[in-house]
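Novice: entry_10.cif is reproduced below (mmCIF, C-alpha atoms).
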```
data_target
#
loop_
_atom_site.label_atom_id
_atom_site.label_comp_id
_atom_site.auth_asym_id
_atom_site.auth_seq_id
_atom_site.Cartn_x
_atom_site.Cartn_y
_atom_site.Cartn_z
CA MET K 1053 -51.06 -11.82 -4.17
CA GLY K 1054 -53.88 -10.87 -1.81
CA LYS K 1055 -54.38 -12.10 1.73
CA GLY K 1056 -55.97 -15.54 1.99
CA VAL K 1057 -55.34 -16.47 -1.65
CA ILE K 1058 -53.93 -19.70 -3.06
CA ASN K 1059 -52.75 -19.45 -6.66
CA PHE K 1060 -52.63 -22.93 -8.23
CA LYS K 1061 -51.88 -23.09 -11.93
CA PRO K 1062 -51.20 -25.66 -14.70
CA LEU K 1063 -47.69 -26.32 -15.96
CA LYS K 1064 -45.69 -27.31 -19.02
CA ALA K 1065 -44.33 -30.54 -17.60
CA LEU K 1066 -41.00 -32.14 -18.39
CA ARG K 1067 -41.27 -35.93 -18.29
CA PHE K 1068 -39.47 -39.06 -19.38
CA ASN K 1069 -39.80 -40.05 -23.03
CA PRO K 1070 -42.65 -42.65 -23.09
CA THR K 1071 -40.51 -45.04 -25.18
CA LEU K 1072 -38.22 -45.64 -22.16
CA PRO K 1073 -38.73 -48.41 -19.54
CA LEU K 1074 -40.35 -46.16 -16.97
CA GLU K 1075 -40.49 -48.83 -14.25
CA LYS K 1076 -36.67 -48.65 -14.12
CA LEU K 1077 -36.52 -44.85 -14.05
CA ILE K 1078 -38.64 -44.06 -10.99
CA ALA K 1079 -37.51 -43.98 -7.36
CA PRO K 1080 -38.74 -42.87 -3.91
CA PRO K 1081 -38.38 -39.20 -2.90
CA TYR K 1082 -34.74 -38.24 -2.51
CA ASP K 1083 -34.88 -37.84 1.29
CA VAL K 1084 -36.33 -41.26 2.16
CA ILE K 1085 -33.92 -43.43 0.16
CA PRO K 1086 -31.77 -45.28 2.73
CA LYS K 1087 -28.06 -44.71 2.23
CA GLU K 1088 -27.50 -48.43 1.65
CA GLU K 1089 -30.15 -48.52 -1.13
CA ARG K 1090 -29.02 -45.43 -3.03
CA ASP K 1091 -26.67 -47.40 -5.29
CA ASN K 1092 -29.45 -49.86 -6.13
CA PHE K 1093 -31.50 -47.10 -7.74
CA LEU K 1094 -28.49 -45.52 -9.42
CA LYS K 1095 -27.61 -48.89 -10.97
CA MET K 1096 -31.20 -49.73 -11.92
CA HIS K 1097 -30.88 -47.66 -15.09
CA SER K 1098 -28.58 -44.94 -16.44
CA TYR K 1099 -31.64 -42.67 -16.65
CA ASN K 1100 -33.08 -43.40 -13.21
CA ILE K 1101 -34.30 -40.16 -11.62
CA THR K 1102 -31.92 -40.69 -8.67
CA HIS K 1103 -29.06 -39.57 -10.94
CA LEU K 1104 -30.68 -36.13 -10.74
CA THR K 1105 -32.31 -36.03 -7.29
CA LEU K 1106 -29.22 -37.30 -5.43
CA GLY K 1107 -26.48 -37.43 -8.06
CA ASP K 1108 -23.79 -40.03 -8.62
CA LYS K 1109 -21.23 -38.69 -6.17
CA ILE K 1110 -20.86 -38.08 -2.44
CA PRO K 1111 -20.54 -35.23 -1.66
CA THR K 1112 -23.03 -34.05 -4.26
CA ASP K 1113 -21.55 -32.69 -7.49
CA TYR K 1114 -24.22 -30.17 -8.50
CA ASN K 1115 -22.43 -29.19 -11.69
CA GLU K 1116 -22.35 -32.81 -12.82
CA ILE K 1117 -26.09 -33.12 -12.13
CA LYS K 1118 -26.66 -29.94 -14.15
CA GLU K 1119 -24.74 -31.39 -17.11
CA THR K 1120 -26.66 -34.67 -16.86
CA PHE K 1121 -29.99 -32.84 -16.75
CA SER K 1122 -29.11 -30.70 -19.77
CA SER K 1123 -27.94 -33.72 -21.78
CA TRP K 1124 -31.17 -35.63 -21.03
CA ILE K 1125 -33.17 -32.71 -22.45
CA ARG K 1126 -30.93 -32.42 -25.54
CA GLU K 1127 -31.18 -36.16 -26.20
CA ASN K 1128 -34.99 -36.26 -25.69
CA ILE K 1129 -34.68 -38.47 -22.63
CA LEU K 1130 -36.81 -35.77 -21.02
CA VAL K 1131 -39.49 -34.17 -23.21
CA PHE K 1132 -41.73 -31.14 -22.71
CA GLU K 1133 -45.52 -31.35 -22.56
CA GLU K 1134 -48.11 -28.72 -23.38
CA LEU K 1135 -49.83 -26.78 -20.59
CA GLY K 1136 -52.09 -28.70 -18.21
CA PHE K 1137 -52.82 -30.12 -14.77
CA TYR K 1138 -52.24 -33.83 -14.09
CA LEU K 1139 -54.43 -36.28 -12.21
CA TYR K 1140 -52.43 -38.93 -10.39
CA LYS K 1141 -53.81 -42.23 -9.06
CA GLN K 1142 -51.89 -44.66 -6.89
CA GLU K 1143 -53.20 -48.19 -6.32
CA PHE K 1144 -51.76 -50.27 -3.48
CA GLN K 1145 -52.40 -52.98 -0.90
CA TRP K 1146 -53.21 -51.84 2.63
CA LYS K 1147 -53.75 -54.33 5.45
CA GLY K 1148 -54.70 -57.07 3.01
CA ARG K 1149 -57.08 -55.03 0.84
CA SER K 1150 -56.77 -53.04 -2.39
CA GLU K 1151 -56.94 -49.27 -2.01
CA SER K 1152 -56.24 -46.20 -4.12
CA THR K 1153 -55.68 -42.49 -3.67
CA TYR K 1154 -55.73 -39.50 -6.01
CA GLY K 1155 -53.58 -36.41 -6.33
CA LEU K 1156 -53.68 -33.31 -8.53
CA ILE K 1157 -50.33 -32.10 -9.84
CA GLY K 1158 -49.69 -28.47 -10.72
CA LEU K 1159 -47.80 -25.33 -9.70
CA LEU K 1160 -48.37 -23.57 -6.37
CA GLU K 1161 -47.42 -19.92 -6.04
CA LEU K 1162 -44.99 -19.57 -3.14
CA GLN K 1163 -45.86 -17.54 -0.07
CA PRO K 1164 -44.56 -17.41 3.51
CA LEU K 1165 -45.53 -20.50 5.50
CA GLY K 1166 -48.09 -20.14 8.26
CA GLU K 1167 -51.28 -18.52 6.96
CA ASN K 1168 -52.57 -20.26 3.84
CA VAL K 1169 -49.80 -22.83 3.39
CA LEU K 1170 -49.31 -24.62 6.69
CA PRO K 1171 -46.19 -26.50 7.81
CA HIS K 1172 -46.01 -29.21 10.47
CA GLU K 1173 -42.35 -30.29 10.46
CA TYR K 1174 -39.12 -28.82 11.80
CA THR K 1175 -36.56 -27.98 9.08
CA PHE K 1176 -32.77 -27.81 9.02
CA SER K 1177 -30.25 -25.64 7.21
CA GLY K 1178 -28.32 -28.55 5.66
CA PRO K 1179 -31.13 -30.11 3.59
CA LYS K 1180 -32.40 -26.64 2.61
CA ALA K 1181 -28.95 -25.62 1.38
CA ASP K 1182 -28.71 -28.87 -0.61
CA ARG K 1183 -32.06 -28.38 -2.39
CA LEU K 1184 -31.32 -24.66 -2.89
CA GLU K 1185 -28.06 -25.47 -4.67
CA LEU K 1186 -29.88 -27.98 -6.85
CA LEU K 1187 -32.43 -25.30 -7.80
CA ARG K 1188 -29.68 -22.84 -8.63
CA ASN K 1189 -28.10 -25.32 -11.03
CA LEU K 1190 -31.15 -26.94 -12.62
CA ARG K 1191 -33.82 -24.21 -12.29
CA ALA K 1192 -36.37 -27.03 -12.15
CA ASN K 1193 -38.41 -29.00 -9.63
CA LEU K 1194 -37.51 -32.67 -9.96
CA GLU K 1195 -40.16 -33.95 -7.54
CA PRO K 1196 -43.48 -32.52 -6.35
CA ILE K 1197 -43.98 -31.72 -2.70
CA TRP K 1198 -47.21 -33.12 -1.21
CA GLY K 1199 -50.04 -30.97 0.09
CA ILE K 1200 -53.39 -31.79 1.73
CA TYR K 1201 -56.60 -29.79 1.22
CA GLU K 1202 -60.23 -30.21 2.32
CA ASP K 1203 -63.00 -31.04 -0.14
CA LYS K 1204 -65.89 -32.20 2.08
CA ASP K 1205 -68.40 -31.73 -0.76
CA SER K 1206 -66.31 -33.67 -3.32
CA THR K 1207 -66.34 -30.64 -5.62
CA LEU K 1208 -63.17 -31.75 -7.39
CA THR K 1209 -63.34 -35.46 -6.68
CA SER K 1210 -66.53 -35.68 -8.73
CA LEU K 1211 -64.46 -34.71 -11.81
CA TRP K 1212 -62.00 -37.57 -11.57
CA LYS K 1213 -64.23 -40.27 -13.09
CA ASP K 1214 -64.55 -38.26 -16.29
CA VAL K 1215 -60.81 -37.63 -16.42
CA GLU K 1216 -60.12 -41.35 -15.91
CA GLY K 1217 -62.09 -42.05 -19.08
CA ASP K 1218 -59.25 -40.52 -21.10
CA THR K 1219 -56.11 -42.40 -22.10
CA PRO K 1220 -53.44 -41.99 -19.39
CA VAL K 1221 -50.08 -40.47 -20.27
CA VAL K 1222 -48.36 -42.72 -17.72
CA ARG K 1223 -49.13 -46.11 -16.24
CA VAL K 1224 -46.36 -47.99 -14.45
CA ASN K 1225 -45.78 -50.52 -11.69
CA SER K 1226 -43.10 -49.60 -9.17
CA TRP K 1227 -40.58 -51.62 -7.15
CA ASP K 1228 -42.98 -51.72 -4.17
CA SER K 1229 -45.87 -53.36 -6.09
CA ARG K 1230 -47.84 -50.13 -6.44
CA THR K 1231 -49.48 -49.03 -9.68
CA HIS K 1232 -49.11 -45.37 -10.70
CA THR K 1233 -51.36 -43.80 -13.36
CA VAL K 1234 -51.32 -40.20 -14.63
CA TRP K 1235 -53.86 -38.40 -16.85
CA LYS K 1236 -53.37 -34.96 -18.36
CA ILE K 1237 -56.05 -32.31 -17.82
CA SER K 1238 -55.95 -29.73 -20.60
CA GLU K 1239 -59.61 -28.71 -21.01
CA ASN K 1240 -59.92 -25.02 -20.15
CA LYS K 1241 -63.24 -25.35 -18.31
CA ILE K 1242 -61.84 -27.96 -15.92
CA ILE K 1243 -58.63 -25.97 -15.44
CA GLU K 1244 -60.62 -22.85 -14.54
CA ARG K 1245 -62.83 -24.84 -12.16
CA ILE K 1246 -59.77 -26.27 -10.39
CA GLN K 1247 -58.12 -22.86 -10.04
CA LYS K 1248 -61.29 -21.26 -8.67
CA PHE K 1249 -61.73 -24.08 -6.15
CA PHE K 1250 -58.31 -23.54 -4.57
CA THR K 1251 -58.42 -19.74 -4.35
CA ASN K 1252 -59.61 -19.58 -0.73
CA LYS K 1253 -58.38 -22.97 0.48
CA LYS K 1254 -55.68 -23.73 3.01
CA ILE K 1255 -53.00 -26.32 2.22
CA LEU K 1256 -51.09 -28.43 4.74
CA VAL K 1257 -47.60 -29.38 3.59
CA ALA K 1258 -47.61 -33.12 4.29
CA ASP K 1259 -44.17 -33.70 2.76
CA GLY K 1260 -41.52 -31.43 1.24
CA HIS K 1261 -40.89 -28.75 3.88
CA HIS K 1262 -37.19 -28.40 3.01
CA ARG K 1263 -37.95 -28.14 -0.71
CA TYR K 1264 -40.65 -25.52 -0.06
CA GLU K 1265 -38.35 -23.38 2.06
CA ALA K 1266 -35.48 -23.81 -0.43
CA SER K 1267 -37.79 -22.66 -3.22
CA TRP K 1268 -38.84 -19.63 -1.17
CA LEU K 1269 -35.18 -18.74 -0.63
CA TYR K 1270 -34.44 -19.20 -4.33
CA TYR K 1271 -37.36 -17.00 -5.36
CA ASN K 1272 -36.25 -14.22 -3.00
CA GLU K 1273 -32.73 -14.60 -4.36
CA ILE K 1274 -33.51 -14.16 -8.08
CA ALA K 1275 -37.09 -12.72 -8.02
CA THR K 1276 -38.18 -14.03 -11.42
CA GLU K 1277 -41.71 -15.04 -12.37
CA SER K 1278 -40.73 -18.65 -13.10
CA ALA K 1279 -39.11 -19.06 -9.68
CA LYS K 1280 -42.30 -17.97 -7.91
CA TYR K 1281 -43.89 -21.44 -8.17
CA ILE K 1282 -43.23 -24.91 -6.81
CA LEU K 1283 -44.36 -28.27 -8.18
CA ILE K 1284 -46.94 -29.82 -5.85
CA MET K 1285 -49.30 -32.77 -5.69
CA LEU K 1286 -52.51 -31.93 -3.82
CA THR K 1287 -54.65 -34.59 -2.18
CA ASP K 1288 -58.10 -34.30 -0.61
CA LEU K 1289 -58.09 -34.98 3.14
CA TYR K 1290 -61.33 -36.93 2.70
CA ASP K 1291 -59.97 -39.23 0.01
CA PRO K 1292 -60.43 -42.65 1.68
CA GLY K 1293 -57.03 -43.76 0.43
CA VAL K 1294 -55.10 -40.94 2.13
CA LYS K 1295 -52.69 -42.23 4.78
CA LEU K 1296 -51.10 -39.43 6.81
CA LEU K 1297 -48.47 -41.75 8.20
CA PRO K 1298 -45.82 -40.76 10.74
CA THR K 1299 -42.16 -41.23 9.88
CA HIS K 1300 -40.39 -43.47 12.38
CA ARG K 1301 -36.60 -43.49 12.80
CA ILE K 1302 -34.63 -46.73 13.21
CA LEU K 1303 -31.10 -46.34 14.58
CA LYS K 1304 -27.97 -48.32 13.77
CA LYS K 1305 -25.97 -49.90 16.59
CA ASP K 1306 -23.47 -47.02 16.34
CA ILE K 1307 -25.95 -44.77 18.19
CA GLU K 1308 -26.44 -45.56 21.86
CA ILE K 1309 -28.91 -43.62 23.98
CA ASN K 1310 -28.99 -44.13 27.73
CA ILE K 1311 -32.45 -44.28 29.28
CA ASP K 1312 -31.22 -42.22 32.21
CA ASP K 1313 -30.10 -39.44 29.82
CA LEU K 1314 -33.64 -39.24 28.44
CA ARG K 1315 -34.94 -38.38 31.93
CA LYS K 1316 -33.48 -34.88 31.52
CA TYR K 1317 -36.42 -33.88 29.33
CA PHE K 1318 -38.90 -36.77 29.56
CA GLU K 1319 -40.97 -38.78 31.97
CA ILE K 1320 -40.50 -42.42 30.97
CA TYR K 1321 -43.11 -45.18 31.17
CA LEU K 1322 -42.68 -48.80 30.10
CA GLU K 1323 -45.51 -49.97 27.83
CA LYS K 1324 -47.11 -53.31 28.73
CA ASP K 1325 -47.87 -54.30 25.15
CA LEU K 1326 -45.52 -54.34 22.16
CA TYR K 1327 -46.19 -52.70 18.77
CA GLU K 1328 -49.70 -53.86 17.89
CA SER K 1329 -51.62 -51.97 20.59
CA ILE K 1330 -49.56 -48.80 21.10
CA ASP K 1331 -51.35 -45.50 20.49
CA LEU K 1332 -50.13 -43.76 17.33
CA VAL K 1333 -52.41 -40.70 17.25
CA PHE K 1334 -51.07 -37.32 18.37
CA ARG K 1335 -53.15 -35.30 20.87
CA PRO K 1336 -52.02 -31.79 21.90
CA ASN K 1337 -53.09 -32.33 25.53
CA ASP K 1338 -51.12 -35.58 25.78
CA PRO K 1339 -47.87 -35.27 23.79
CA TYR K 1340 -45.43 -38.19 23.63
CA ILE K 1341 -43.18 -40.30 21.43
CA TYR K 1342 -41.97 -43.88 21.85
CA TYR K 1343 -38.45 -45.22 22.29
CA VAL K 1344 -37.98 -48.87 21.33
CA VAL K 1345 -34.88 -50.72 22.53
CA ASP K 1346 -34.00 -54.27 23.71
CA ASN K 1347 -37.50 -55.49 22.82
CA LYS K 1348 -39.10 -52.92 25.13
CA ILE K 1349 -41.21 -49.88 24.30
CA PHE K 1350 -40.99 -46.73 26.42
CA ARG K 1351 -43.42 -43.83 26.24
CA LEU K 1352 -41.59 -40.50 26.53
CA ILE K 1353 -43.66 -37.59 27.85
CA PRO K 1354 -42.01 -34.13 27.86
CA LYS K 1355 -41.21 -32.51 31.19
CA GLU K 1356 -41.56 -28.84 32.03
CA ALA K 1357 -37.77 -28.59 31.63
CA TYR K 1358 -38.14 -29.44 27.93
CA LEU K 1359 -40.65 -26.64 27.32
CA LYS K 1360 -38.54 -24.12 29.21
CA ALA K 1361 -35.52 -25.03 27.08
CA ASN K 1362 -37.53 -24.55 23.89
CA ASP K 1363 -39.67 -21.45 24.39
CA GLN K 1364 -38.82 -19.60 21.18
CA LYS K 1365 -42.06 -20.67 19.50
CA SER K 1366 -45.59 -21.59 20.58
CA GLU K 1367 -45.98 -24.46 23.03
CA LEU K 1368 -47.92 -26.46 20.42
CA TRP K 1369 -44.97 -26.33 18.01
CA TRP K 1370 -42.57 -27.81 20.56
CA ILE K 1371 -44.83 -30.71 21.57
CA LEU K 1372 -45.33 -31.98 18.03
CA PRO K 1373 -43.78 -35.47 17.74
CA THR K 1374 -41.11 -34.32 15.26
CA SER K 1375 -40.13 -31.43 17.57
CA LEU K 1376 -39.91 -33.74 20.58
CA LEU K 1377 -37.55 -35.93 18.59
CA HIS K 1378 -35.42 -33.19 17.04
CA LYS K 1379 -35.16 -30.79 19.98
CA GLY K 1380 -35.51 -33.24 22.85
CA ILE K 1381 -33.49 -36.21 21.58
CA TRP K 1382 -31.19 -35.36 18.66
CA GLU K 1383 -30.17 -31.89 19.81
CA GLY K 1384 -31.08 -32.06 23.51
CA ILE K 1385 -29.50 -35.44 24.31
CA LEU K 1386 -27.08 -36.22 21.47
CA GLY K 1387 -26.12 -32.68 20.46
CA LYS K 1388 -26.62 -33.60 16.78
CA LEU K 1389 -28.86 -32.58 13.88
CA GLU K 1390 -30.88 -35.29 12.17
CA ASN K 1391 -29.34 -34.62 8.78
CA GLU K 1392 -25.88 -35.23 10.30
CA LEU K 1393 -27.01 -38.65 11.52
CA GLN K 1394 -28.72 -39.40 8.22
CA GLU K 1395 -25.67 -38.47 6.14
CA LYS K 1396 -23.53 -40.88 8.18
CA GLY K 1397 -26.05 -43.67 7.59
CA TYR K 1398 -27.03 -43.99 11.25
CA ILE K 1399 -30.77 -43.54 10.64
CA ARG K 1400 -33.31 -45.32 8.49
CA PHE K 1401 -36.83 -43.94 7.97
CA SER K 1402 -40.04 -45.96 7.85
CA HIS K 1403 -43.80 -45.32 7.85
CA ASP K 1404 -44.56 -48.92 8.82
CA ILE K 1405 -44.45 -50.12 12.42
CA ARG K 1406 -44.12 -53.68 11.13
CA GLU K 1407 -40.97 -52.74 9.23
CA VAL K 1408 -39.56 -51.16 12.40
CA LYS K 1409 -40.14 -54.43 14.25
CA THR K 1410 -38.56 -56.49 11.44
CA LEU K 1411 -35.45 -54.31 11.17
CA LEU K 1412 -34.85 -54.36 14.91
CA ASN K 1413 -35.05 -58.14 14.90
CA GLU K 1414 -32.55 -58.46 12.04
CA GLY K 1415 -29.63 -57.23 14.13
CA ASN K 1416 -28.22 -54.28 12.13
CA TYR K 1417 -30.35 -51.81 14.05
CA ARG K 1418 -30.50 -51.47 17.82
CA SER K 1419 -33.28 -49.02 18.63
CA ALA K 1420 -36.02 -46.83 17.15
CA PHE K 1421 -38.14 -43.78 17.82
CA VAL K 1422 -41.79 -44.36 16.92
CA LEU K 1423 -43.84 -41.20 16.35
CA PRO K 1424 -47.62 -40.69 16.50
CA SER K 1425 -49.32 -39.30 13.39
CA ILE K 1426 -50.55 -35.70 13.27
CA PRO K 1427 -54.20 -35.10 12.20
CA ILE K 1428 -54.64 -32.18 9.80
CA GLU K 1429 -56.97 -30.45 12.28
CA VAL K 1430 -53.97 -29.76 14.56
#
```
Please rewrite the model in this file as structure tokens.
Specialist:
Amino acid sequence: MGKGVINFKPLKALRFNPTLPLEKLIAPPYDVIPKEERDNFLKMHSYNITHLTLGDKIPTDYNEIKETFSSWIRENILVFEELGFYLYKQEFQWKGRSESTYGLIGLLELQPLGENVLPHEYTFSGPKADRLELLRNLRANLEPIWGIYEDKDSTLTSLWKDVEGDTPVVRVNSWDSRTHTVWKISENKIIERIQKFFTNKKILVADGHHRYEASWLYYNEIATESAKYILIMLTDLYDPGVKLLPTHRILKKDIEINIDDLRKYFEIYLEKDLYESIDLVFRPNDPYIYYVVDNKIFRLIPKEAYLKANDQKSELWWILPTSLLHKGIWEGILGKLENELQEKGYIRFSHDIREVKTLLNEGNYRSAFVLPSIPIEV
């Protein structure tokens, strides 16, 4: 693969048999399902995708997942499609109004992160090892990662109206009152146009860093043509429905963080206003995250001591909100990795500041870290 090249290709998808009750088979991405809700999805249906993405046992029994996956294929629970791209549309309510966003699903040829495929999150060995072991056993991508690209001229977006005129292969309402519709794109002219469009594009990995890195490790491990690609959904940055939302962390009462301990790496300022008016946009010249506890919001701004303790990479990397949280709080203050805290059920993730507020008021959670969002231009 030449320098500066993105290779995006159609796939022969494996999907649920359309005769099944699809609304009971879908679930959120594996890594955002709260520990206390995992059983709800497993019990929703014997064919719910969570039986594959997370498995029925803790710790994960990868061999059991492999046997389940194989049996679903043998029994036509999962069926193969012919070659094609897939257009995905999600319709949802946002701040009291109806909105929608589009994604294009296909296969992305793997390459080292940093030049054409850009990361923005810190990754950990535990989650990568988990997804790598799943790949070794299933040799399949169960969920697409999410990538963002730029299409200022609506070169591809202009095609979607024609595609929507076809009969969708999937249309389903999910547990969160969203409507999901998928159309197959199999016309050669459109496929060629899509592939040509992406050749010289850059892609920001918006979600799925651990899966991308696990796939890269797996490809280097077995070096086969089929392992060279990862399932991805690509969304146009200029799609009005795109919400590049930050992921906030809400902490159970088991985790106590002393404000004075935070002063090791952060300057701390008490915010005058709560929730509604806090600034949630990341700026490289003014890095910060928020700590919410006892109905107070503190702005944490990194000190020089933080940067000196984390000088292995560029300064920009270490002032990203996720880096401030992982290196400054989890590792720097608590001496823990986030996946350790997550596995013990101490952390819940949320994209919604209103949900953070609600959970803190309910009493099971004591504090939260609220992170600004990262614009793609960074």
Novice: Please identify all polymer residues within 7 Å of region 1154-1165 of chain K, counting all atoms listed in the file, omitting same-chain residues fewer than 6 positions from it, and present them as a list in words.
Specialist: Asn1059, Phe1060, Lys1061, Pro1062, Leu1063, Phe1137, Tyr1138, Leu1139, Tyr1140, Lys1141, Gln1142, Pro1171, Trp1268, Lys1280, Tyr1281, Ile1282, Leu1283, Ile1284, Met1285, Leu1286 and Thr1287 of chain K
Novice: Applying the PyMOL selection byres ((chain K and resi 1220) around 7) to the file I just gave you, which residues come out? Please list them as a ChimeraX atom specification.
Specialist: /K:1218-1219,1221-1223,1233-1235
Novice: For CA of Leu1423 (chain K) and CA of Leu1332 (chain K), determine how far apart the two atoms are, in Å to one decimal place.
Specialist: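 These two atoms are separated by 6.9 Å.
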Novice: Hey, can you check how far CA of Thr1299 (chain K) sits from CA of Val1422 (chain K)?
Specialist: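 Straight-line distance from CA of Thr1299 (chain K) to CA of Val1422 (chain K) works out to 7.7 Å.
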Novice: Starting from the displayed file, determine the output of the PyMOL selection byres ((chain K and resi 1263) around 12) and express the residue list as a VMD selection string.
Specialist: chain K and resid 1081 to 1083 1105 1162 1171 1175 to 1187 1192 to 1198 1257 to 1262 1264 to 1270 1281 to 1284
Novice: Do a neighbour search on Lys1355 (chain K) at 9 Å with all atoms listed in the file, toss out local chain neighbours closer than 2 positions, and write the hits as an mmCIF file with C-alpha atoms, in the frame of the given file.
Specialist:
```cif
data_model
loop_
_atom_site.group_PDB
_atom_site.id
_atom_site.type_symbol
_atom_site.label_atom_id
_atom_site.label_comp_id
_atom_site.auth_asym_id
_atom_site.auth_seq_id
_atom_site.Cartn_x
_atom_site.Cartn_y
_atom_site.Cartn_z
ATOM 1 C CA ARG K 1315 -34.940 -38.380 31.930
ATOM 2 C CA LYS K 1316 -33.480 -34.880 31.520
ATOM 3 C CA TYR K 1317 -36.420 -33.880 29.330
ATOM 4 C CA PHE K 1318 -38.900 -36.770 29.560
ATOM 5 C CA GLU K 1319 -40.970 -38.780 31.970
ATOM 6 C CA ILE K 1353 -43.660 -37.590 27.850
ATOM 7 C CA ALA K 1357 -37.770 -28.590 31.630
ATOM 8 C CA TYR K 1358 -38.140 -29.440 27.930
ATOM 9 C CA LEU K 1359 -40.650 -26.640 27.320
#
```
Novice: With distances taken over all atoms listed in the file, which residue among K:Trp1382, K:Phe1093, K:Phe1401, K:Phe1421 lies nearest Arg1351 (chain K)?
Specialist: K:Phe1421
Novice: Just how far from CA of Lys1064 (chain K) is CA of Gln1247 (chain K), in Å to one decimal?
Specialist: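 Going from CA of Gln1247 (chain K) over to CA of Lys1064 (chain K) covers 16.0 Å.
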Novice: Can you spell out as a ChimeraX atom specification the set of residues that the PyMOL selection byres ((chain K and resi 1134) around 8) selects in the structure I just provided?
Specialist: /K:1063-1065,1132-1133,1135-1136
Novice: Could you check which of K:Phe1350, K:Tyr1290, K:Tyr1114, K:Tyr1398 is closest to Lys1324 (chain K), using only C-alpha atoms?
Specialist: K:Phe1350
Novice: Excluding Phe1144 (chain K) and residues on its chain fewer than 4 positions from it, collect all residues at most 10 Å away from it, counting all atoms listed in the file, and give them as a list in words.
Specialist: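 Listing them by chain and then by number gives Gly1148, Arg1149, Ser1150, Glu1151, Ser1152, Thr1153, Asp1228, Ser1229, Arg1230, Thr1231, His1232 and Gly1293 of chain K.
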